[in-house]
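Below you'll find the structure, written out as structure tokens, and then a few comments.
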Amino acid sequence: MRPAFVNDPLFKKGLKIRKQVVGADYVEQRLRTANEYTWPFEELATKTAWGMIWSRPGLSRKTRSFINLAAITALSLPHELRLHIRAALRNGLTRKEIAETLLHCAIYCGYPKSVDALRGMREVFEQVDRENRRGKKRR
């Protein structure tokens, strides 16, 4: 059962942006599998990160994606990085821009972190290419 906060306007605004950026399937799966212990996190992330920060007019989604890629690389969070590489593609970053961002991170975040980030980037690009090929075959 979904808690009452799902009717909160800030949650609704954040949920819309979150789905647009990281993908509706991913978000719906997160919400569908949330339980009494993880719902508070989903509420916090959806209202604050997505409803309060990503909705601000000061930066474009593309710029926010550049920042996320760098910050997540610096923190060495490969699972989150793969999610946000996909989001960066949705937000208009080119593959070249993503690769250049991760290369830039080698200097400021460290080579090992950048190597892991580039590995994740390749995995995401290959997965996207496979999905695109499958989509074309169905048409």
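Residues are named by chain letter and number: chains run A, B, ... in the order of the structure tokens, numbers start at 1 in each chain, and ligands are numbered from 1 in the order shown.
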Picked from chain A by DSSP as alpha helix (DSSP H), as a ChimeraX atom specification: /A:9-22,24-33,39-44,61-75,78-90,95-109,111-138
Atoms to include: C-alpha atoms. Write the selected residues as a short mmCIF file (atom, residue, chain, number, x, y, z; two decimals), in the first residue's frame.
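Written file, part-v9.cif:
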```
data_model
loop_
_atom_site.label_atom_id
_atom_site.label_comp_id
_atom_site.auth_asym_id
_atom_site.auth_seq_id
_atom_site.Cartn_x
_atom_site.Cartn_y
_atom_site.Cartn_z
CA PRO A 9 2.23 18.11 -4.71
CA LEU A 10 6.01 18.13 -4.17
CA PHE A 11 6.13 14.34 -4.35
CA LYS A 12 4.05 14.38 -7.55
CA LYS A 13 6.30 17.01 -9.14
CA GLY A 14 9.42 15.07 -8.13
CA LEU A 15 7.96 11.78 -9.34
CA LYS A 16 7.26 13.21 -12.79
CA ILE A 17 10.82 14.54 -13.15
CA ARG A 18 12.36 11.39 -11.69
CA LYS A 19 10.54 9.22 -14.24
CA GLN A 20 11.57 11.51 -17.10
CA VAL A 21 15.23 11.49 -16.08
CA VAL A 22 15.97 7.95 -14.90
CA ALA A 24 9.57 5.29 -15.64
CA ASP A 25 10.22 1.54 -15.52
CA TYR A 26 13.09 1.97 -13.05
CA VAL A 27 11.12 4.34 -10.81
CA GLU A 28 7.97 2.21 -10.86
CA GLN A 29 10.02 -0.86 -9.93
CA ARG A 30 11.59 1.05 -7.02
CA LEU A 31 8.18 2.15 -5.76
CA ARG A 32 6.56 -1.24 -6.37
CA THR A 33 9.21 -3.05 -4.31
CA TRP A 39 9.34 4.05 1.60
CA PRO A 40 10.80 6.88 3.71
CA PHE A 41 13.86 6.94 1.43
CA GLU A 42 11.70 6.96 -1.71
CA GLU A 43 9.74 9.88 -0.29
CA LEU A 44 12.89 11.77 0.69
CA ARG A 61 18.87 18.90 -17.02
CA LYS A 62 21.86 18.42 -19.30
CA THR A 63 24.07 20.45 -16.95
CA ARG A 64 22.71 18.59 -13.93
CA SER A 65 23.63 15.33 -15.65
CA PHE A 66 27.22 16.53 -16.17
CA ILE A 67 27.40 17.32 -12.45
CA ASN A 68 25.91 13.96 -11.47
CA LEU A 69 28.36 12.02 -13.62
CA ALA A 70 31.30 13.80 -12.03
CA ALA A 71 30.01 13.54 -8.46
CA ILE A 72 29.03 9.88 -8.75
CA THR A 73 32.39 9.06 -10.33
CA ALA A 74 34.14 10.83 -7.45
CA LEU A 75 32.13 8.78 -4.97
CA PRO A 78 29.15 2.18 -10.19
CA HIS A 79 25.49 1.11 -9.95
CA GLU A 80 24.29 4.71 -9.58
CA LEU A 81 26.69 5.83 -12.30
CA ARG A 82 25.23 3.39 -14.84
CA LEU A 83 21.74 4.66 -13.98
CA HIS A 84 22.85 8.26 -14.45
CA ILE A 85 24.73 7.55 -17.69
CA ARG A 86 21.39 6.39 -19.11
CA ALA A 87 19.77 9.49 -17.62
CA ALA A 88 22.45 11.67 -19.22
CA LEU A 89 21.60 10.20 -22.61
CA ARG A 90 17.90 10.98 -21.97
CA ARG A 95 28.20 9.67 -25.91
CA LYS A 96 31.25 11.83 -26.63
CA GLU A 97 30.26 14.33 -23.92
CA ILE A 98 29.79 11.51 -21.42
CA ALA A 99 33.17 9.99 -22.31
CA GLU A 100 34.87 13.40 -22.05
CA THR A 101 33.26 14.01 -18.66
CA LEU A 102 34.56 10.71 -17.32
CA LEU A 103 37.99 11.35 -18.81
CA HIS A 104 38.04 14.75 -17.09
CA CYS A 105 37.18 12.99 -13.84
CA ALA A 106 40.40 10.95 -14.09
CA ILE A 107 42.38 14.06 -13.18
CA TYR A 108 40.16 15.31 -10.37
CA CYS A 109 38.72 12.06 -8.97
CA TYR A 111 42.38 7.19 -12.41
CA PRO A 112 40.94 4.06 -10.76
CA LYS A 113 37.57 5.74 -10.28
CA SER A 114 37.58 6.94 -13.86
CA VAL A 115 38.51 3.46 -15.14
CA ASP A 116 35.50 2.02 -13.29
CA ALA A 117 33.31 4.82 -14.63
CA LEU A 118 34.44 4.19 -18.21
CA ARG A 119 33.76 0.47 -17.76
CA GLY A 120 30.22 1.28 -16.64
CA MET A 121 29.82 3.69 -19.56
CA ARG A 122 30.79 0.98 -22.06
CA GLU A 123 28.32 -1.45 -20.45
CA VAL A 124 25.50 1.09 -20.68
CA PHE A 125 26.30 2.01 -24.28
CA GLU A 126 26.41 -1.68 -25.28
CA GLN A 127 23.12 -2.34 -23.49
CA VAL A 128 21.46 0.66 -25.16
CA ASP A 129 22.75 -0.53 -28.55
CA ARG A 130 21.34 -4.03 -27.95
CA GLU A 131 17.98 -2.55 -26.93
CA ASN A 132 17.94 -0.36 -30.03
CA ARG A 133 18.71 -3.33 -32.29
CA ARG A 134 15.93 -5.37 -30.68
CA GLY A 135 13.52 -2.46 -31.12
CA LYS A 136 14.35 -2.18 -34.82
CA LYS A 137 13.82 -5.90 -35.37
CA ARG A 138 10.28 -5.68 -33.93
#
```
